[in-house]
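J.: I'm passing along model.txt; it holds compact mmCIF, C-alpha atoms.
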```
# COMPACT_ATOMS: atom_id res chain seq x y z
CA GLN A 89 61.99 -5.42 -36.89
CA VAL A 90 61.58 -9.15 -36.43
CA GLN A 91 58.08 -10.35 -35.66
CA LEU A 92 56.94 -13.84 -34.77
CA VAL A 93 53.25 -14.56 -34.42
CA GLU A 94 52.02 -17.93 -33.17
CA SER A 95 48.57 -19.31 -33.76
CA GLY A 96 46.63 -22.53 -33.49
CA GLY A 97 46.44 -23.04 -29.75
CA ARG A 98 43.09 -23.98 -28.24
CA LEU A 99 41.30 -26.23 -25.79
CA VAL A 100 41.48 -29.87 -26.84
CA GLN A 101 40.76 -33.26 -25.32
CA PRO A 102 43.38 -35.86 -24.41
CA GLY A 103 44.37 -37.84 -27.48
CA ASP A 104 43.54 -35.05 -29.91
CA SER A 105 45.97 -33.55 -32.40
CA LEU A 106 46.84 -29.92 -33.01
CA ARG A 107 49.03 -27.95 -35.38
CA LEU A 108 50.61 -24.73 -34.23
CA SER A 109 51.92 -22.14 -36.66
CA CYS A 110 54.42 -19.32 -36.34
CA ALA A 111 54.51 -16.62 -38.98
CA ALA A 112 57.84 -14.82 -39.22
CA SER A 113 58.83 -11.50 -40.73
CA GLY A 114 61.70 -9.04 -40.59
CA ARG A 115 64.57 -11.46 -41.11
CA THR A 116 65.60 -13.81 -43.92
CA PHE A 117 63.67 -16.74 -42.52
CA SER A 118 65.49 -19.38 -44.55
CA ASP A 119 68.85 -18.40 -43.02
CA TYR A 120 67.90 -19.15 -39.42
CA ALA A 121 67.12 -22.12 -37.24
CA MET A 122 63.90 -21.91 -35.30
CA GLY A 123 62.72 -23.33 -32.03
CA TRP A 124 59.58 -24.13 -30.10
CA PHE A 125 59.45 -23.78 -26.33
CA ARG A 126 56.61 -24.09 -23.86
CA GLN A 127 55.81 -22.84 -20.39
CA ALA A 128 53.31 -24.58 -18.15
CA PRO A 129 51.68 -22.79 -15.21
CA GLY A 130 54.11 -22.43 -12.36
CA LYS A 131 57.00 -23.91 -14.32
CA GLU A 132 60.00 -22.58 -16.20
CA ARG A 133 59.99 -22.32 -19.95
CA GLU A 134 61.33 -25.50 -21.53
CA PHE A 135 62.70 -26.53 -24.89
CA VAL A 136 60.36 -28.53 -27.12
CA ALA A 137 61.83 -28.74 -30.63
CA SER A 138 64.21 -27.08 -33.04
CA ILE A 139 64.69 -27.14 -36.79
CA ASN A 140 67.61 -25.96 -38.86
CA TRP A 141 67.37 -23.31 -41.56
CA SER A 142 66.69 -25.73 -44.42
CA GLY A 143 64.43 -28.08 -42.49
CA SER A 144 66.79 -31.01 -42.97
CA LEU A 145 67.54 -31.37 -39.24
CA THR A 146 65.04 -31.57 -36.42
CA LEU A 147 65.72 -32.04 -32.73
CA TYR A 148 63.32 -32.73 -29.88
CA ALA A 149 63.08 -32.82 -26.13
CA ASP A 150 62.91 -36.41 -24.89
CA SER A 151 59.48 -35.73 -23.40
CA VAL A 152 57.91 -35.06 -26.80
CA LYS A 153 59.77 -37.40 -29.15
CA GLY A 154 57.44 -39.47 -31.25
CA ARG A 155 54.43 -37.18 -30.70
CA PHE A 156 55.66 -33.77 -31.85
CA THR A 157 56.88 -32.89 -35.33
CA VAL A 158 58.49 -29.57 -36.20
CA SER A 159 58.56 -28.40 -39.80
CA ARG A 160 58.90 -25.22 -41.79
CA ASP A 161 57.83 -23.69 -45.08
CA ASN A 162 60.54 -21.26 -46.10
CA ALA A 163 58.53 -20.03 -49.07
CA LYS A 164 55.84 -18.87 -46.65
CA ASN A 165 58.12 -17.85 -43.77
CA THR A 166 56.18 -20.14 -41.48
CA LEU A 167 57.15 -22.61 -38.77
CA PHE A 168 54.87 -25.43 -37.66
CA LEU A 169 54.54 -27.76 -34.72
CA GLN A 170 52.34 -30.82 -35.18
CA ILE A 171 51.29 -32.29 -31.85
CA ASN A 172 49.67 -35.71 -31.72
CA SER A 173 48.22 -37.74 -28.85
CA LEU A 174 47.93 -34.70 -26.64
CA LYS A 175 48.20 -35.22 -22.90
CA PRO A 176 47.11 -33.00 -20.02
CA GLU A 177 50.78 -32.40 -19.22
CA ASP A 178 51.17 -30.75 -22.64
CA THR A 179 49.05 -27.87 -21.34
CA ALA A 180 51.21 -24.76 -21.67
CA VAL A 181 51.81 -21.58 -23.56
CA TYR A 182 53.82 -22.47 -26.66
CA PHE A 183 56.36 -20.01 -28.01
CA CYS A 184 58.30 -19.92 -31.24
CA ALA A 185 61.70 -18.28 -31.42
CA ILE A 186 64.36 -17.51 -34.00
CA LYS A 187 68.05 -18.15 -33.47
CA GLY A 188 70.29 -15.15 -32.97
CA SER A 189 72.89 -16.32 -35.48
CA ALA A 190 72.36 -17.44 -39.06
CA TYR A 191 73.21 -21.01 -40.05
CA SER A 192 73.73 -22.10 -36.48
CA MET A 193 72.23 -24.82 -34.32
CA PHE A 194 74.62 -24.14 -31.47
CA ASN A 195 72.88 -24.47 -28.11
CA TYR A 196 69.59 -25.11 -29.89
CA HIS A 197 68.00 -26.23 -26.62
CA ARG A 198 68.88 -23.05 -24.71
CA ASP A 199 66.42 -20.19 -24.79
CA ASP A 200 69.22 -17.63 -24.55
CA SER A 201 70.46 -18.64 -28.01
CA TYR A 202 67.26 -17.25 -29.55
CA ASP A 203 66.91 -13.51 -29.83
CA TYR A 204 63.31 -12.94 -30.87
CA TRP A 205 60.19 -14.59 -29.52
CA GLY A 206 56.53 -14.67 -30.33
CA GLN A 207 53.83 -13.78 -27.84
CA GLY A 208 52.82 -17.40 -27.34
CA THR A 209 49.71 -19.45 -28.01
CA GLN A 210 47.81 -21.30 -25.29
CA VAL A 211 47.28 -25.04 -25.58
CA THR A 212 44.99 -26.58 -22.98
CA VAL A 213 44.43 -30.31 -22.83
CA SER A 214 41.48 -31.28 -20.69
CA SER A 215 38.52 -33.61 -20.76
```
Give the structure from this file in structure tokens form.

T.:
Amino acid sequence: QVQLVESGGRLVQPGDSLRLSCAASGRTFSDYAMGWFRQAPGKEREFVASINWSGSLTLYADSVKGRFTVSRDNAKNTLFLQINSLKPEDTAVYFCAIKGSAYSMFNYHRDDSYDYWGQGTQVTVSS
């Protein structure tokens, strides 16, 4: 049984930084690419970032490039998302997900290429 548990979301002010974590279990973490997605109120879930199984390749949505950094610690089965210079439009529930196929980055930006998801962590950016 694969489990993904996000943490780290909270209320922050514009310009603040935040690090989200995603603890994974139930699958050989180091064999799978991981992704971060977010869903703002009233909007569809959107791709944020993806990282390959070794951490050597990271990919980002254009809207977050330069402010978001995805990383992973395979020894601790944990995925991270560092978010800097937070903006009100970053307010959303952030989800981590694990790819359905090992050693694949195919369709990394599509949520249907990930087969397990966490419950999400709320990030609210407001002054």

J.: Could you jot down the CA of His197 (chain A) to CA of Arg98 (chain A) separation for me, Å, one decimal place?

T.: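 Separation between CA of His197 (chain A) and CA of Arg98 (chain A): 25.1 Å.
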
J.: Between A:Ala190, A:Cys110, A:Gln91, A:Tyr204, single out the one closest to Leu167 (chain A), counting all atoms listed in the file.

T.: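 Smallest separation from Leu167 (chain A) among the options: A:Cys110.
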
J.: Excluding same-chain residues fewer than 6 positions from region 130-138 of chain A, what lies within 10 Å of it counting all atoms listed in the file, as a ChimeraX atom specification?

T.: /A:121-124,145-153,156-159,169,180-187,193,196-199

J.: Using only C-alpha atoms, which residue out of A:Ile171, A:Ala112, A:Ala163, A:Val213 lies closest to Val100 (chain A)?

T.: A:Val213

J.: When you count only C-alpha atoms, which of these residues is closest to Glu177 (chain A): A:Ser189, A:Asn165, A:Gln207, A:Ser214?

T.: A:Ser214

J.: Find the residue from A:Arg115, A:Lys164, A:Arg126, A:Arg155 that sits nearest to Thr212 (chain A); use all atoms listed in the file when measuring.

T.: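 For Thr212 (chain A), the nearest of the candidates is A:Arg126.
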
J.: Suppose you want the space between CA of Thr179 (chain A) and CA of Glu94 (chain A); what is it in Å?

T.: 15.7 Å

J.: For a test of reading the model, state the distance in Å between CA of Asp200 (chain A) and CA of Ser173 (chain A), rounded to one decimal.

T.: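 Value for the CA of Asp200 (chain A)-CA of Ser173 (chain A) distance: 29.4 Å.
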